[in-house]
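Asks: What follows is entry-v1.cif; its format and atoms are mmCIF, C-alpha atoms.
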data_input
loop_
_atom_site.group_PDB
_atom_site.id
_atom_site.type_symbol
_atom_site.label_atom_id
_atom_site.label_comp_id
_atom_site.auth_asym_id
_atom_site.auth_seq_id
_atom_site.Cartn_x
_atom_site.Cartn_y
_atom_site.Cartn_z
ATOM 1 C CA GLY F 1 -96.873 -20.451 -71.590
ATOM 2 C CA GLU F 2 -96.546 -24.111 -70.740
ATOM 3 C CA ASN F 3 -99.707 -26.123 -70.094
ATOM 4 C CA VAL F 4 -99.396 -29.507 -68.423
ATOM 5 C CA GLU F 5 -102.328 -31.914 -68.457
ATOM 6 C CA GLN F 6 -102.343 -34.910 -66.115
ATOM 7 C CA HIS F 7 -104.570 -37.984 -66.121
ATOM 8 C CA PRO F 8 -106.223 -39.621 -64.356
ATOM 9 C CA SER F 9 -107.144 -37.351 -61.449
ATOM 10 C CA THR F 10 -107.775 -40.369 -59.235
ATOM 11 C CA LEU F 11 -106.476 -43.908 -59.496
ATOM 12 C CA SER F 12 -107.238 -46.886 -57.309
ATOM 13 C CA VAL F 13 -105.257 -50.116 -57.635
ATOM 14 C CA GLN F 14 -104.832 -53.276 -55.621
ATOM 15 C CA GLU F 15 -101.576 -53.918 -53.857
ATOM 16 C CA GLY F 16 -99.142 -55.582 -56.228
ATOM 17 C CA ASP F 17 -100.705 -54.153 -59.380
ATOM 18 C CA SER F 18 -99.082 -51.520 -61.564
ATOM 19 C CA ALA F 19 -100.116 -47.883 -61.749
ATOM 20 C CA VAL F 20 -99.627 -45.569 -64.705
ATOM 21 C CA ILE F 21 -100.065 -41.808 -64.699
ATOM 22 C CA LYS F 22 -99.846 -39.825 -67.914
ATOM 23 C CA CYS F 23 -99.014 -36.199 -68.636
ATOM 24 C CA THR F 24 -98.927 -34.077 -71.754
ATOM 25 C CA TYR F 25 -97.261 -30.723 -72.223
ATOM 26 C CA SER F 26 -97.608 -27.961 -74.760
ATOM 27 C CA ASP F 27 -94.260 -26.174 -74.914
ATOM 28 C CA SER F 28 -91.828 -27.954 -77.232
ATOM 29 C CA ALA F 29 -88.987 -26.104 -75.492
ATOM 30 C CA SER F 30 -89.595 -28.016 -72.247
ATOM 31 C CA ASN F 31 -86.651 -30.275 -71.535
ATOM 32 C CA TYR F 32 -86.969 -31.342 -67.903
ATOM 33 C CA PHE F 33 -89.769 -33.504 -66.515
ATOM 34 C CA PRO F 34 -89.811 -34.340 -62.807
ATOM 35 C CA TRP F 35 -92.384 -36.315 -60.858
ATOM 36 C CA TYR F 36 -93.243 -35.462 -57.260
ATOM 37 C CA LYS F 37 -95.055 -37.421 -54.576
ATOM 38 C CA GLN F 38 -96.960 -35.468 -51.966
ATOM 39 C CA GLU F 39 -98.493 -36.963 -48.866
ATOM 40 C CA LEU F 40 -101.271 -35.098 -47.113
ATOM 41 C CA GLY F 41 -100.015 -31.893 -45.488
ATOM 42 C CA LYS F 42 -96.412 -32.543 -46.443
ATOM 43 C CA ARG F 43 -93.946 -31.186 -48.936
ATOM 44 C CA PRO F 44 -93.661 -32.592 -52.473
ATOM 45 C CA GLN F 45 -90.836 -35.092 -52.732
ATOM 46 C CA LEU F 46 -88.989 -35.668 -56.002
ATOM 47 C CA ILE F 47 -89.258 -39.357 -56.882
ATOM 48 C CA ILE F 48 -87.838 -39.441 -60.391
ATOM 49 C CA ASP F 49 -87.041 -37.070 -63.223
ATOM 50 C CA ILE F 50 -86.078 -37.273 -66.869
ATOM 51 C CA ARG F 51 -84.451 -34.912 -69.303
ATOM 52 C CA SER F 52 -85.282 -34.568 -72.952
ATOM 53 C CA ASN F 53 -82.210 -36.401 -74.214
ATOM 54 C CA VAL F 54 -83.433 -39.633 -72.628
ATOM 55 C CA GLY F 55 -86.499 -41.695 -73.503
ATOM 56 C CA GLU F 56 -86.805 -43.795 -70.374
ATOM 57 C CA LYS F 57 -85.441 -43.895 -66.859
ATOM 58 C CA LYS F 58 -85.959 -46.481 -64.149
ATOM 59 C CA ASP F 59 -85.353 -46.533 -60.422
ATOM 60 C CA GLN F 60 -86.384 -49.794 -58.763
ATOM 61 C CA ARG F 61 -90.207 -49.935 -58.936
ATOM 62 C CA ILE F 62 -90.560 -46.540 -60.564
ATOM 63 C CA ALA F 63 -90.007 -45.685 -64.215
ATOM 64 C CA VAL F 64 -90.673 -42.684 -66.394
ATOM 65 C CA THR F 65 -91.003 -42.637 -70.177
ATOM 66 C CA LEU F 66 -90.837 -39.603 -72.420
ATOM 67 C CA ASN F 67 -92.104 -39.171 -75.963
ATOM 68 C CA LYS F 68 -90.888 -35.776 -77.150
ATOM 69 C CA THR F 69 -92.566 -36.040 -80.521
ATOM 70 C CA ALA F 70 -95.972 -36.562 -78.971
ATOM 71 C CA LYS F 71 -95.156 -34.287 -76.021
ATOM 72 C CA HIS F 72 -96.161 -36.752 -73.371
ATOM 73 C CA PHE F 73 -94.504 -38.526 -70.485
ATOM 74 C CA SER F 74 -95.685 -41.165 -68.079
ATOM 75 C CA LEU F 75 -94.956 -42.480 -64.609
ATOM 76 C CA HIS F 76 -95.067 -46.232 -64.067
ATOM 77 C CA ILE F 77 -95.130 -47.771 -60.603
ATOM 78 C CA THR F 78 -94.874 -51.552 -60.453
ATOM 79 C CA GLU F 79 -95.682 -53.868 -57.544
ATOM 80 C CA THR F 80 -97.572 -51.103 -55.787
ATOM 81 C CA GLN F 81 -97.654 -50.994 -51.989
ATOM 82 C CA PRO F 82 -100.060 -49.202 -49.621
ATOM 83 C CA GLU F 83 -97.323 -46.685 -48.783
ATOM 84 C CA ASP F 84 -97.357 -45.597 -52.431
ATOM 85 C CA SER F 85 -100.747 -44.002 -51.719
ATOM 86 C CA ALA F 86 -100.339 -40.244 -52.180
ATOM 87 C CA VAL F 87 -100.890 -37.462 -54.697
ATOM 88 C CA TYR F 88 -98.467 -37.525 -57.605
ATOM 89 C CA PHE F 89 -97.652 -34.441 -59.645
ATOM 90 C CA CYS F 90 -95.901 -34.277 -62.978
ATOM 91 C CA ALA F 91 -94.157 -31.105 -64.077
ATOM 92 C CA ALA F 92 -92.438 -29.700 -67.128
ATOM 93 C CA SER F 93 -89.792 -27.029 -67.405
ATOM 94 C CA SER F 94 -87.804 -25.308 -70.123
ATOM 95 C CA GLY F 95 -85.692 -23.325 -67.710
ATOM 96 C CA TYR F 96 -85.974 -22.775 -63.999
ATOM 97 C CA ALA F 97 -89.707 -22.634 -63.301
ATOM 98 C CA LEU F 98 -91.789 -25.799 -63.039
ATOM 99 C CA ASN F 99 -95.282 -26.034 -64.476
ATOM 100 C CA PHE F 100 -97.268 -28.636 -62.594
ATOM 101 C CA GLY F 101 -100.075 -30.900 -63.648
ATOM 102 C CA LYS F 102 -103.197 -30.971 -61.472
ATOM 103 C CA GLY F 103 -102.150 -34.130 -59.683
ATOM 104 C CA THR F 104 -103.280 -37.744 -59.437
ATOM 105 C CA SER F 105 -104.542 -39.136 -56.173
ATOM 106 C CA LEU F 106 -103.318 -42.748 -56.034
ATOM 107 C CA LEU F 107 -104.880 -45.181 -53.606
ATOM 108 C CA VAL F 108 -103.331 -48.617 -53.189
ATOM 109 C CA THR F 109 -105.628 -50.988 -51.351
ATOM 110 C CA PRO F 110 -104.269 -54.044 -49.515
ATOM 111 C CA GLY N 1 -78.276 -32.898 -48.384
ATOM 112 C CA ALA N 2 -80.568 -30.411 -50.134
ATOM 113 C CA VAL N 3 -82.636 -29.439 -47.129
ATOM 114 C CA VAL N 4 -85.045 -26.546 -47.294
ATOM 115 C CA SER N 5 -86.798 -25.225 -44.209
ATOM 116 C CA GLN N 6 -89.742 -22.900 -43.783
ATOM 117 C CA HIS N 7 -90.866 -20.900 -40.813
ATOM 118 C CA PRO N 8 -93.437 -20.792 -39.402
ATOM 119 C CA SER N 9 -95.072 -24.115 -40.232
ATOM 120 C CA TRP N 10 -98.461 -22.617 -39.513
ATOM 121 C CA VAL N 11 -99.830 -19.197 -38.639
ATOM 122 C CA ILE N 12 -103.229 -17.765 -37.783
ATOM 123 C CA CYS N 13 -103.734 -14.032 -38.132
ATOM 124 C CA LYS N 14 -106.482 -11.455 -38.166
ATOM 125 C CA SER N 15 -107.741 -9.922 -41.375
ATOM 126 C CA GLY N 16 -105.749 -6.828 -42.320
ATOM 127 C CA THR N 17 -102.497 -7.859 -40.701
ATOM 128 C CA SER N 18 -99.286 -8.849 -42.477
ATOM 129 C CA VAL N 19 -97.533 -12.177 -42.218
ATOM 130 C CA LYS N 20 -93.927 -13.002 -43.084
ATOM 131 C CA ILE N 21 -92.844 -16.498 -44.106
ATOM 132 C CA GLU N 22 -89.183 -17.467 -44.278
ATOM 133 C CA CYS N 23 -87.628 -20.022 -46.586
ATOM 134 C CA ARG N 24 -84.080 -21.200 -45.992
ATOM 135 C CA SER N 25 -81.777 -23.545 -47.870
ATOM 136 C CA LEU N 26 -79.770 -25.178 -45.098
ATOM 137 C CA ASP N 27 -76.981 -26.972 -46.890
ATOM 138 C CA PHE N 28 -76.648 -25.383 -50.309
ATOM 139 C CA GLN N 29 -76.677 -21.981 -51.923
ATOM 140 C CA ALA N 30 -79.989 -21.350 -53.635
ATOM 141 C CA THR N 31 -79.472 -19.120 -56.633
ATOM 142 C CA THR N 32 -83.195 -19.291 -57.326
ATOM 143 C CA MET N 33 -86.135 -19.667 -54.981
ATOM 144 C CA PHE N 34 -89.747 -20.191 -55.902
ATOM 145 C CA TRP N 35 -92.953 -19.512 -54.023
ATOM 146 C CA TYR N 36 -96.048 -21.620 -54.583
ATOM 147 C CA ARG N 37 -99.561 -21.566 -53.214
ATOM 148 C CA GLN N 38 -101.605 -24.721 -52.859
ATOM 149 C CA PHE N 39 -105.315 -24.827 -52.090
ATOM 150 C CA PRO N 40 -106.856 -28.021 -50.655
ATOM 151 C CA LYS N 41 -106.860 -30.896 -53.111
ATOM 152 C CA GLN N 42 -105.324 -28.731 -55.811
ATOM 153 C CA SER N 43 -101.993 -28.482 -57.536
ATOM 154 C CA LEU N 44 -99.121 -26.167 -56.732
ATOM 155 C CA MET N 45 -99.537 -22.777 -58.356
ATOM 156 C CA LEU N 46 -96.354 -20.828 -58.949
ATOM 157 C CA MET N 47 -96.615 -17.329 -57.526
ATOM 158 C CA ALA N 48 -93.172 -15.929 -58.177
ATOM 159 C CA THR N 49 -89.563 -16.706 -58.934
ATOM 160 C CA SER N 50 -86.778 -14.899 -57.162
ATOM 161 C CA ASN N 51 -83.085 -14.774 -57.893
ATOM 162 C CA GLU N 52 -80.690 -13.700 -55.184
ATOM 163 C CA GLY N 53 -80.120 -9.985 -55.207
ATOM 164 C CA SER N 54 -82.722 -9.106 -57.816
ATOM 165 C CA LYS N 55 -86.422 -8.391 -57.941
ATOM 166 C CA ALA N 56 -88.827 -11.292 -58.036
ATOM 167 C CA THR N 57 -90.677 -12.222 -61.202
ATOM 168 C CA TYR N 58 -94.370 -12.640 -60.495
ATOM 169 C CA GLU N 59 -96.775 -14.880 -62.358
ATOM 170 C CA GLN N 60 -99.752 -13.372 -64.068
ATOM 171 C CA GLY N 61 -102.528 -12.575 -61.631
ATOM 172 C CA VAL N 62 -100.294 -12.431 -58.555
ATOM 173 C CA GLU N 63 -100.221 -8.976 -56.984
ATOM 174 C CA LYS N 64 -96.633 -8.001 -56.286
ATOM 175 C CA ASP N 65 -97.687 -5.309 -53.811
ATOM 176 C CA LYS N 66 -99.646 -7.831 -51.809
ATOM 177 C CA PHE N 67 -97.118 -10.652 -51.868
ATOM 178 C CA LEU N 68 -93.748 -9.075 -51.159
ATOM 179 C CA ILE N 69 -90.791 -11.301 -51.891
ATOM 180 C CA ASN N 70 -87.242 -10.660 -50.794
ATOM 181 C CA HIS N 71 -84.250 -12.852 -51.669
ATOM 182 C CA ALA N 72 -81.452 -11.004 -49.943
ATOM 183 C CA SER N 73 -79.024 -13.894 -49.599
ATOM 184 C CA LEU N 74 -78.253 -17.220 -51.213
ATOM 185 C CA THR N 75 -79.858 -19.065 -48.332
ATOM 186 C CA LEU N 76 -82.906 -16.973 -47.418
ATOM 187 C CA SER N 77 -86.029 -15.772 -49.154
ATOM 188 C CA THR N 78 -89.054 -14.246 -47.463
ATOM 189 C CA LEU N 79 -92.663 -13.906 -48.530
ATOM 190 C CA THR N 80 -94.760 -11.259 -46.812
ATOM 191 C CA VAL N 81 -98.499 -11.401 -47.254
ATOM 192 C CA THR N 82 -99.614 -7.831 -46.670
ATOM 193 C CA SER N 83 -103.078 -6.883 -45.439
ATOM 194 C CA ALA N 84 -104.103 -10.519 -45.405
ATOM 195 C CA HIS N 85 -107.726 -11.474 -46.008
ATOM 196 C CA PRO N 86 -109.547 -14.796 -45.542
ATOM 197 C CA GLU N 87 -109.178 -15.602 -49.243
ATOM 198 C CA ASP N 88 -105.400 -15.569 -48.759
ATOM 199 C CA SER N 89 -105.707 -18.584 -46.480
ATOM 200 C CA SER N 90 -103.722 -21.350 -48.139
ATOM 201 C CA PHE N 91 -100.703 -23.609 -47.945
ATOM 202 C CA TYR N 92 -97.619 -21.670 -49.064
ATOM 203 C CA ILE N 93 -94.614 -23.709 -50.155
ATOM 204 C CA CYS N 94 -91.206 -22.509 -51.211
ATOM 205 C CA SER N 95 -88.610 -24.372 -53.208
ATOM 206 C CA ALA N 96 -84.956 -23.726 -53.845
ATOM 207 C CA SER N 97 -82.567 -24.700 -56.575
ATOM 208 C CA PHE N 98 -78.933 -24.155 -57.445
ATOM 209 C CA GLU N 99 -78.236 -22.933 -60.974
ATOM 210 C CA GLY N 100 -81.392 -24.363 -62.513
ATOM 211 C CA ARG N 101 -80.990 -27.862 -61.145
ATOM 212 C CA THR N 102 -83.503 -29.874 -59.138
ATOM 213 C CA GLN N 103 -85.982 -27.937 -57.018
ATOM 214 C CA TYR N 104 -86.156 -28.931 -53.372
ATOM 215 C CA PHE N 105 -89.295 -28.030 -51.511
ATOM 216 C CA GLY N 106 -89.753 -26.637 -48.033
ATOM 217 C CA PRO N 107 -92.298 -28.225 -45.667
ATOM 218 C CA GLY N 108 -94.856 -25.500 -46.311
ATOM 219 C CA THR N 109 -96.625 -22.910 -44.190
ATOM 220 C CA ARG N 110 -100.343 -23.126 -43.549
ATOM 221 C CA LEU N 111 -101.798 -19.643 -43.334
ATOM 222 C CA THR N 112 -105.252 -19.094 -41.866
ATOM 223 C CA VAL N 113 -106.677 -15.585 -41.955
ATOM 224 C CA LEU N 114 -109.647 -14.997 -39.691
#
I need this file expressed as structure tokens, please.
Replies:
Amino acid sequence: GENVEQHPSTLSVQEGDSAVIKCTYSDSASNYFPWYKQELGKRPQLIIDIRSNVGEKKDQRIAVTLNKTAKHFSLHITETQPEDSAVYFCAASSGYALNFGKGTSLLVTP
Amino acid sequence: GAVVSQHPSWVICKSGTSVKIECRSLDFQATTMFWYRQFPKQSLMLMATSNEGSKATYEQGVEKDKFLINHASLTLSTLTVTSAHPEDSSFYICSASFEGRTQYFGPGTRLTVL
């Protein structure tokens, strides 16, 4: 089955800096890669996703890049703000089910 | 749009009792619903996938007789934790999708078994 690795597990940045979270996946059939943000005790919220026919997607301060050959994808957050502090999960899917990475706890300090 | 609700939001029960958690898609028809379990500071672990009107598909290591899943309509799926024990205490989250598109998550149910 699919195995998704996510790094780093924790990330601390200063407000205004950029944050990058990287994920790798094992199943070459995976074609959908969403990123979720989860605040403590709350539901995961989809923040951006990318499909395998696209190499990069951007939405304001958030961007995702995908390298299908190397089987890795990354989340980039620019101009970070304290409210970006949360746990971020990457996921990969070849059909309906999502396989999640272990999460990255991002802390943005003022 | 794409709102998913869960009920209850939290529940405390005695060991040996059964607990039912409901997951509803409020503004769309969910052809597929998923049930996840999340332990503190850990990732979401998929327990099972259910398609409306058919039996759920359970992930390896998840006991189907202990975690009963019913997806009787396009807007409702239920998870029943039977004979709950303290090790079943966790945060249970459902998600719903329409025809393989984006998954929308419910707010989760925190189960504590005493």
Asks: With distances taken over only C-alpha atoms, which of F:Arg51, F:Lys22, F:Lys68, F:Lys37 is nearest to Ser93 of chain F?
Replies: F:Arg51
Asks: Adding 3 Å on each side of the box along x, y and z that holds all listed atoms of segment 79-84 of chain F, could you give its centre and edge lengths in Å to one decimal, as AutoDock Vina command-line options?
Replies:
--center_x -97.9 --center_y -49.7 --center_z -53.2 --size_x 10.4 --size_y 14.3 --size_z 14.8
Asks: Step by step, work through what the PyMOL selection byres ((chain N) within 12 of (chain F)) selects in the shown file, and finish by giving those residues as a ChimeraX atom specification.
Replies: /N:2-6,9-10,31-51,57-60,90-110
Asks: Here's the selection I'm unsure about, the PyMOL selection byres ((chain F and resi 81) around 10); applied to the file above, which residues does it give, as a CSV table (one decimal) with C-alpha atoms, keeping the file's coordinate frame?
Replies:
chain,number,residue,atom,x,y,z
F,13,VAL,CA,-105.3,-50.1,-57.6
F,14,GLN,CA,-104.8,-53.3,-55.6
F,15,GLU,CA,-101.6,-53.9,-53.9
F,16,GLY,CA,-99.1,-55.6,-56.2
F,17,ASP,CA,-100.7,-54.2,-59.4
F,18,SER,CA,-99.1,-51.5,-61.6
F,77,ILE,CA,-95.1,-47.8,-60.6
F,78,THR,CA,-94.9,-51.6,-60.5
F,79,GLU,CA,-95.7,-53.9,-57.5
F,80,THR,CA,-97.6,-51.1,-55.8
F,82,PRO,CA,-100.1,-49.2,-49.6
F,83,GLU,CA,-97.3,-46.7,-48.8
F,84,ASP,CA,-97.4,-45.6,-52.4
F,85,SER,CA,-100.7,-44.0,-51.7
F,107,LEU,CA,-104.9,-45.2,-53.6
F,108,VAL,CA,-103.3,-48.6,-53.2
F,109,THR,CA,-105.6,-51.0,-51.4
F,110,PRO,CA,-104.3,-54.0,-49.5
Asks: Residues within 12 Å of Thr65 of chain F, please, as a PyMOL selection string. Count all atoms listed in the file; anything in the same chain fewer than 2 positions from it doesn't count.
Replies: chain F and resi 20-24+33-35+48-59+62-63+67-68+70-77
Asks: Hey, what's within 8 Å of segment 77-81 of chain N if we count all atoms listed in the file and toss same-chain stuff fewer than 4 positions away? As a VMD selection string, please?
Replies: chain N and resid 18 to 24 33 35 66 to 73
Asks: Please indicate the distance in Å from atom CA of Leu106 of chain F to atom CA of Ala91 of chain F, rounded to one decimal place.
Replies: 16.9 Å
Asks: Mind pulling up the distance from atom CA of Ser54 of chain N to atom CA of Gln29 of chain N?
Replies: 15.4 Å
Asks: Atom CA of Gly16 of chain N to atom CA of Ser83 of chain N: how many Å, to one decimal?
Replies: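 Atom CA of Gly16 of chain N sits 4.1 Å away from atom CA of Ser83 of chain N.
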